[in-house]
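A.B. asks: For reference, this is query07.cif, and it has mmCIF, C-alpha atoms.
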```cif
data_target
#
loop_
_atom_site.label_atom_id
_atom_site.label_comp_id
_atom_site.auth_asym_id
_atom_site.auth_seq_id
_atom_site.Cartn_x
_atom_site.Cartn_y
_atom_site.Cartn_z
CA MET A 1010 2.67 19.24 -7.77
CA THR A 1011 3.67 20.15 -11.32
CA HIS A 1012 0.83 20.64 -13.74
CA ILE A 1013 0.35 17.69 -16.06
CA GLN A 1014 0.28 18.44 -19.76
CA GLU A 1015 -2.57 16.88 -21.71
CA ALA A 1016 -0.09 15.04 -23.91
CA GLU A 1017 1.32 13.23 -20.87
CA VAL A 1018 -2.07 11.85 -19.86
CA ALA A 1019 -2.02 8.92 -22.29
CA GLN A 1020 1.42 7.88 -21.02
CA ILE A 1021 0.23 8.04 -17.41
CA VAL A 1022 -2.91 6.02 -18.22
CA ARG A 1023 -0.70 3.43 -19.91
CA ALA A 1024 1.66 3.30 -16.89
CA VAL A 1025 -1.28 2.85 -14.52
CA LEU A 1026 -2.63 -0.05 -16.58
CA ILE A 1027 0.83 -1.69 -16.56
CA ASP A 1028 1.18 -1.26 -12.79
CA VAL A 1029 -2.33 -2.17 -11.71
CA LEU A 1030 -3.13 -4.95 -14.18
CA GLY A 1031 0.40 -6.34 -14.23
CA ILE A 1032 0.54 -6.42 -18.03
CA ALA A 1033 3.82 -6.27 -19.95
CA PRO A 1034 5.00 -2.79 -20.99
CA ALA A 1035 5.47 -4.01 -24.57
CA ARG A 1036 1.84 -5.10 -24.69
CA ALA A 1037 0.63 -1.82 -23.24
CA ALA A 1038 2.78 0.15 -25.70
CA ALA A 1039 0.67 -1.32 -28.50
CA PHE A 1040 -2.60 -0.03 -26.99
CA ASP A 1041 -4.42 2.47 -29.19
CA ASP A 1042 -7.70 4.32 -28.76
CA ALA A 1043 -9.70 1.31 -29.94
CA THR A 1044 -8.08 -1.22 -27.59
CA GLY A 1045 -10.75 -2.70 -25.36
CA LEU A 1046 -10.27 -2.55 -21.57
CA PHE A 1047 -13.10 -3.40 -19.14
CA GLY A 1048 -14.95 -6.39 -20.53
CA THR A 1049 -12.11 -7.20 -22.95
CA LEU A 1050 -8.93 -7.54 -20.87
CA PRO A 1051 -9.36 -10.47 -18.45
CA GLU A 1052 -7.08 -8.70 -15.93
CA PHE A 1053 -9.41 -5.68 -15.82
CA ASP A 1054 -12.01 -6.89 -13.30
CA SER A 1055 -14.08 -4.84 -10.85
CA ILE A 1056 -11.35 -4.87 -8.18
CA ALA A 1057 -8.86 -3.62 -10.77
CA VAL A 1058 -11.28 -0.82 -11.73
CA ALA A 1059 -11.00 0.60 -8.20
CA GLY A 1060 -7.19 0.39 -8.34
CA VAL A 1061 -6.99 2.02 -11.77
CA LEU A 1062 -9.28 4.91 -10.78
CA THR A 1063 -7.50 5.56 -7.49
CA GLU A 1064 -4.06 5.40 -9.08
CA LEU A 1065 -5.19 7.79 -11.85
CA GLU A 1066 -6.44 10.20 -9.19
CA ASP A 1067 -3.13 10.12 -7.34
CA ARG A 1068 -0.90 10.46 -10.40
CA LEU A 1069 -2.98 13.05 -12.26
CA GLY A 1070 -4.00 15.06 -9.19
CA ILE A 1071 -7.71 14.68 -10.01
CA LEU A 1072 -10.77 13.52 -8.09
CA ILE A 1073 -13.22 11.09 -9.69
CA GLU A 1074 -16.69 10.96 -8.17
CA ASP A 1075 -18.41 7.58 -8.04
CA ASP A 1076 -21.33 8.81 -10.15
CA GLU A 1077 -18.88 9.75 -12.92
CA VAL A 1078 -17.75 6.14 -13.26
CA GLU A 1079 -19.61 4.60 -16.18
CA ALA A 1080 -19.02 1.50 -18.24
CA GLU A 1081 -18.41 3.58 -21.39
CA MET A 1082 -15.36 5.38 -20.00
CA LEU A 1083 -13.76 2.07 -19.08
CA GLU A 1084 -14.61 0.40 -22.37
CA SER A 1085 -11.49 1.33 -24.33
CA PHE A 1086 -8.07 2.90 -23.90
CA GLY A 1087 -9.24 5.88 -25.93
CA ALA A 1088 -12.34 6.43 -23.78
CA LEU A 1089 -10.42 6.19 -20.50
CA THR A 1090 -7.70 8.53 -21.76
CA ALA A 1091 -10.29 11.04 -23.01
CA PHE A 1092 -12.02 10.97 -19.62
CA ALA A 1093 -8.72 11.50 -17.79
CA ARG A 1094 -7.72 14.30 -20.18
CA ALA A 1095 -11.01 16.10 -19.58
CA LYS A 1096 -10.53 15.82 -15.80
CA VAL A 1097 -6.98 17.18 -16.01
CA ALA A 1098 -8.12 20.10 -18.14
CA GLY A 1099 -10.71 20.77 -15.41
CA MET B 379 11.84 -18.01 13.39
CA ILE B 380 8.19 -17.78 14.39
CA ASP B 381 7.91 -15.89 17.66
CA ALA B 382 4.81 -14.44 19.33
CA TYR B 383 3.81 -11.35 21.27
CA ASP B 384 0.99 -10.58 23.67
CA TRP B 385 -1.31 -7.59 23.44
CA PRO B 386 -4.35 -6.81 25.61
CA GLY B 387 -6.65 -8.66 23.17
CA GLY B 388 -4.64 -11.87 22.94
CA ARG B 389 -1.55 -13.37 21.37
CA GLU B 390 -0.37 -13.01 17.77
CA ALA B 391 2.51 -14.50 15.84
CA MET B 392 5.62 -12.51 14.94
CA LEU B 393 8.11 -13.63 12.30
CA ARG B 394 11.71 -12.87 13.30
CA PHE B 395 14.71 -12.51 11.02
CA GLY B 396 18.42 -11.86 11.45
CA PRO B 397 20.88 -11.90 14.32
CA ALA B 398 20.07 -11.41 18.01
CA GLY B 399 21.50 -8.29 19.59
CA ALA B 400 21.38 -6.33 16.33
CA PRO B 401 19.17 -3.28 15.70
CA VAL B 402 15.65 -4.45 14.86
CA VAL B 403 13.32 -3.22 12.13
CA MET B 404 9.65 -3.89 12.86
CA LEU B 405 7.73 -3.98 9.58
CA LEU B 406 4.06 -2.94 9.49
CA LEU B 407 2.36 -3.97 6.26
CA PRO B 408 -0.77 -2.30 4.87
CA LEU B 409 -4.25 -3.23 6.04
CA PHE B 410 -6.71 -5.51 4.27
CA GLU B 411 -6.14 -6.60 0.66
CA GLU B 412 -2.87 -4.71 0.22
CA HIS B 413 -1.44 -6.73 3.11
CA ASN B 414 -1.53 -9.90 1.03
CA ARG B 415 -0.15 -8.13 -2.02
CA THR B 416 2.90 -6.79 -0.18
CA ARG B 417 3.68 -9.68 2.14
CA ALA B 418 6.20 -11.45 -0.11
CA PHE B 419 7.90 -8.10 -0.77
CA GLY B 420 8.02 -7.31 2.96
CA VAL B 421 9.51 -10.67 3.89
CA SER B 422 12.11 -10.25 1.13
CA VAL B 423 13.12 -6.87 2.55
CA LEU B 424 13.48 -8.32 6.06
CA ARG B 425 15.61 -11.18 4.72
CA ALA B 426 17.79 -8.73 2.78
CA LEU B 427 18.20 -6.60 5.92
CA ALA B 428 19.18 -9.73 7.86
CA ALA B 429 21.89 -10.37 5.26
CA ARG B 430 23.25 -6.92 6.18
CA GLY B 431 23.27 -7.76 9.89
CA ILE B 432 20.03 -5.93 10.71
CA ALA B 433 17.35 -7.93 12.51
CA GLY B 434 13.72 -7.77 11.45
CA ALA B 435 10.28 -8.59 12.78
CA LEU B 436 6.92 -8.93 11.06
CA PRO B 437 4.18 -8.93 13.70
CA GLU B 438 0.83 -10.34 12.66
CA LEU B 439 -1.73 -7.73 13.61
CA PRO B 440 -5.20 -8.71 14.82
CA GLY B 441 -7.61 -9.23 11.94
CA GLN B 442 -4.85 -9.07 9.28
CA GLY B 443 -2.82 -11.73 7.49
CA GLU B 444 -2.77 -14.99 9.43
CA SER B 445 -4.52 -13.62 12.52
CA LEU B 446 -7.64 -15.48 13.68
CA VAL B 447 -9.34 -12.31 14.96
CA PRO B 448 -12.34 -11.50 12.69
CA THR B 449 -11.82 -8.24 10.78
CA GLU B 450 -15.42 -7.26 11.49
CA ALA B 451 -14.65 -6.98 15.21
CA LEU B 452 -11.54 -4.90 14.78
CA ARG B 453 -11.02 -1.34 15.98
CA LEU B 454 -8.21 1.02 15.00
CA ASP B 455 -7.20 1.30 18.66
CA ASP B 456 -6.77 -2.49 18.79
CA LEU B 457 -4.40 -2.42 15.83
CA ARG B 458 -2.42 0.42 17.39
CA ALA B 459 -2.32 -1.32 20.77
CA ALA B 460 -1.08 -4.51 19.12
CA ALA B 461 1.64 -2.64 17.19
CA ALA B 462 2.69 -0.92 20.43
CA ALA B 463 2.83 -4.26 22.27
CA ALA B 464 4.89 -5.81 19.48
CA ALA B 465 7.31 -2.85 19.63
CA ASP B 466 7.61 -3.25 23.41
CA ALA B 467 8.34 -6.96 22.98
CA LEU B 468 11.15 -6.04 20.56
CA GLY B 469 12.52 -3.24 22.75
CA ARG B 470 12.23 0.10 20.94
CA PRO B 471 12.72 -1.10 17.36
CA PHE B 472 13.01 0.99 14.22
CA VAL B 473 9.66 0.83 12.46
CA ALA B 474 9.22 0.57 8.70
CA THR B 475 5.70 0.88 7.30
CA VAL B 476 4.19 0.23 3.88
CA ARG B 477 1.11 2.19 2.73
CA SER B 478 -1.64 2.16 5.41
CA GLY B 479 0.71 0.43 7.87
CA ALA B 480 1.77 4.04 8.53
CA LEU B 481 -1.47 4.59 10.48
CA LEU B 482 -0.66 1.90 13.04
CA ASP B 483 2.57 2.93 14.86
CA THR B 484 1.06 6.02 16.55
CA ASP B 485 1.22 4.54 20.06
CA ALA B 486 4.41 2.51 19.62
CA ALA B 487 7.69 3.44 21.36
CA VAL B 488 10.19 3.24 18.51
CA ALA B 489 13.72 4.43 17.70
CA GLY B 490 12.63 5.96 14.39
CA ARG B 491 9.98 5.79 11.70
CA TRP B 492 10.46 5.02 7.98
CA ARG B 493 7.62 4.85 5.47
CA LEU B 494 7.16 3.57 1.95
CA SER B 495 4.31 5.34 0.12
CA PRO B 496 2.32 6.14 3.29
CA GLN B 497 -1.43 6.46 2.86
CA THR B 498 -3.64 8.69 5.01
CA GLY B 499 -6.80 7.28 6.55
CA GLY B 500 -8.85 9.50 4.27
CA ASP B 501 -7.23 8.05 1.12
CA LEU B 502 -7.54 4.51 2.46
CA VAL B 503 -11.25 4.85 3.19
CA ARG B 504 -11.99 6.55 -0.13
CA GLU B 505 -10.49 3.50 -1.81
CA LEU B 506 -12.30 1.02 0.47
CA ARG B 507 -15.63 2.68 -0.31
CA ARG B 508 -14.84 2.53 -4.02
CA LEU B 509 -13.93 -1.16 -3.77
CA ARG B 510 -17.21 -1.78 -2.01
CA ALA B 511 -19.13 0.11 -4.70
CA GLN B 512 -17.41 -1.85 -7.47
CA GLY B 513 -18.01 -5.15 -5.70
CA ASP B 514 -21.15 -6.46 -4.04
CA GLY B 515 -21.96 -3.12 -2.37
CA MET B 516 -21.58 -4.67 1.08
CA THR B 517 -18.09 -5.98 1.69
CA VAL B 518 -14.55 -4.88 0.87
CA ALA B 519 -12.66 -7.82 -0.60
CA GLY B 520 -14.59 -10.17 1.65
CA ASN B 521 -14.34 -7.97 4.76
CA ALA B 522 -17.58 -6.61 6.15
CA LEU B 523 -16.40 -3.26 7.47
CA SER B 524 -18.86 -1.18 9.47
CA GLU B 525 -19.38 2.54 8.96
CA MET B 526 -17.93 2.98 12.46
CA GLN B 527 -14.74 1.21 11.45
CA LEU B 528 -14.51 3.26 8.26
CA ALA B 529 -15.07 6.52 10.15
CA GLU B 530 -12.28 5.65 12.61
CA LEU B 531 -9.87 4.85 9.80
CA GLU B 532 -10.91 7.92 7.82
CA ALA B 533 -9.84 10.23 10.65
CA ALA B 534 -6.48 8.50 11.11
CA ASP B 535 -3.21 10.10 10.03
CA HIS B 536 0.41 9.08 10.38
CA LEU B 537 3.21 10.58 12.45
CA ASP B 538 6.26 12.21 10.87
CA ALA B 539 8.87 9.90 9.40
CA ARG B 540 11.40 9.50 6.62
CA ILE B 541 9.07 9.13 3.63
CA VAL B 542 10.09 7.30 0.46
CA ARG B 543 7.75 7.04 -2.52
CA LEU B 544 7.77 5.60 -6.01
CA GLU B 545 8.70 7.86 -8.92
CA SER B 546 5.16 7.49 -10.29
CA ASP B 547 3.70 9.07 -7.12
CA PRO B 548 3.62 12.89 -7.18
CA ALA B 549 3.04 13.22 -3.40
CA PRO B 550 5.89 14.71 -1.32
CA ALA B 551 8.78 12.48 -0.21
CA VAL B 552 12.42 12.89 0.76
CA ARG B 553 13.33 10.34 -1.90
CA LYS B 554 11.64 8.93 -5.02
CA ILE B 555 12.63 5.43 -6.11
CA ALA B 556 11.92 3.41 -9.24
CA GLY B 557 9.63 0.41 -8.98
CA PRO B 558 6.10 -0.90 -9.42
CA PRO B 559 3.33 -0.32 -6.84
CA LEU B 560 3.12 -3.96 -5.76
CA TRP B 561 0.15 -3.15 -3.51
CA ARG B 562 -1.95 -2.53 -6.64
CA ARG B 563 -1.43 -5.95 -8.17
CA ALA B 564 -4.39 -8.29 -7.97
CA GLU B 565 -1.96 -11.21 -8.22
CA PRO B 566 0.70 -10.92 -5.47
CA ASP B 567 4.03 -10.11 -7.05
CA ASN B 568 7.55 -9.23 -5.95
CA ASP B 569 10.29 -7.05 -7.39
CA PHE B 570 13.91 -7.85 -6.71
CA ALA B 571 15.25 -4.42 -7.67
CA LEU B 572 12.70 -2.65 -5.45
CA VAL B 573 13.60 -4.97 -2.55
CA GLN B 574 17.27 -4.02 -2.96
CA THR B 575 16.58 -0.27 -3.18
CA VAL B 576 14.28 -0.28 -0.15
CA THR B 577 16.66 -2.43 1.90
CA ALA B 578 19.59 -0.13 1.17
CA ASP B 579 17.56 2.97 2.06
CA ILE B 580 16.43 1.47 5.39
CA ALA B 581 19.96 0.31 6.24
CA ASP B 582 21.45 3.76 5.44
CA TRP B 583 18.70 5.46 7.44
CA ILE B 584 19.36 3.27 10.48
CA ALA B 585 23.07 4.09 10.21
CA THR B 586 22.27 7.83 10.36
CA CYS B 587 19.83 7.33 13.28
CA ALA B 588 22.28 5.27 15.33
CA VAL B 589 23.82 7.03 18.30
#
```
Could I get this file's structure written as structure tokens?

C.D. replies:
Amino acid sequence: MTHIQEAEVAQIVRAVLIDVLGIAPARAAAFDDATGLFGTLPEFDSIAVAGVLTELEDRLGILIEDDEVEAEMLESFGALTAFARAKVAG
Amino acid sequence: MIDAYDWPGGREAMLRFGPAGAPVVMLLLPLFEEHNRTRAFGVSVLRALAARGIAGALPELPGQGESLVPTEALRLDDLRAAAAAAADALGRPFVATVRSGALLDTDAAVAGRWRLSPQTGGDLVRELRRLRAQGDGMTVAGNALSEMQLAELEAADHLDARIVRLESDPAPAVRKIAGPPLWRRAEPDNDFALVQTVTADIADWIATCAV
């Protein structure tokens, strides 16, 4: 597996949200750090949370423990990306 | 055509597509929730194969899809026995699996194995436990799965095959193809381009397997 650069993480998070939530790429392209996710996007329900986390694990080559999953990291695009970036950096 | 096959635990339906006397592809869809998400895609692939003169079969497996067997009572060996019985009824078919369907053809006598984005038992169970944690803490998408069932699945792996994955998936594969992971979508969806790519890959693979 090739190592993922930190800069690529935001693009991968965006792609995962498109694929799991079924939202239009154009809509996802407009996401910025402040864009609300869990609790804001109607598509982002608890079932989708499991899909997003698992897909992020597979695509980023990371492992997310259940006790790391908190509401804050799912709150916004910026928070989720920052979490993923920290995991990738190890 | 809606056909049926018998396995030691009873009788299940089997959808049949395409001409008689042609090579047959038996499609095994993923378990549980992903089954419903990939069913329209799977049927589209079998129809597209039929248009190329390749027959197809979609066996209902006990406890999945339209089957009346309760999921709670299901064992991995039952699923594998049912897949083997369906393969016997078809007469040594080619098998194509999607995601965790890859875990089910272990005991089946088949002419060859082809897999789209196969999932190991360990990955499947990690996700099922996460779904349970995110949900009511008891059931997985409405299925009450016992720890025994989860442990059986967790230890399961798939046999060697031609493995095709999506470009977004970094795991090893002989070919990476473009397309969305339909098994992730909460609302079942289909993708015409992915159907065409997968159908062509299966048809080409069967041509190289044929003796």

A.B. asks: Assuming the chain letters and numbering stay as they are in my file, what does the PyMOL selection byres ((chain A) within 10 of (chain B)) actually select? List them as a ChimeraX atom specification.

C.D. replies: /A:1010-1011,1021,1024-1025,1027-1031,1052-1064,1067-1070,1074-1075,1078

A.B. asks: For Ala461 in chain B, which residue among B:Leu439, B:Ala474, B:Val552, B:Ala571 is the nearest when counting only C-alpha atoms?

C.D. replies: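 Under the stated criterion, the closest residue is B:Leu439.
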
A.B. asks: Using CA of Thr475 in chain B and CA of Leu405 in chain B as the two end points, give the distance in Å to one decimal.

C.D. replies: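 Between these atoms lies a distance of 5.7 Å.
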
A.B. asks: If you count all atoms listed in the file, which residues fall within 6 Å of range 443-459 of chain B, apart from same-chain ones fewer than 2 positions away, as a list in words?

C.D. replies: Pro440, Gly441, Ala461, Ala462, Leu482, Ala522 and Leu523 of chain B

A.B. asks: Report, in Å to a single decimal, how far apart CA of Gly434 in chain B and CA of Leu406 in chain B are.

C.D. replies: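 Rounded to one decimal, the two atoms are 11.0 Å apart.
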
A.B. asks: Which value, in Å to one decimal, gives the distance between CA of Ala556 in chain B and CA of Ala1038 in chain A?

C.D. replies: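 It comes out at 19.1 Å.
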
A.B. asks: What lies within 7 Å of Leu409 in chain B using only C-alpha atoms, ignoring chain neighbours under 6 positions off, as JSON, numbers by chain?

C.D. replies: {"B": [442, 478, 479]}

A.B. asks: Dump C-alpha atoms for the selected residues as a compact mmCIF listing (two decimals), in the frame of the given file?

C.D. replies:
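Result file is selection.txt:
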```
# COMPACT_ATOMS: atom_id res chain seq x y z
CA GLN B 442 -4.85 -9.07 9.28
CA SER B 478 -1.64 2.16 5.41
CA GLY B 479 0.71 0.43 7.87
```
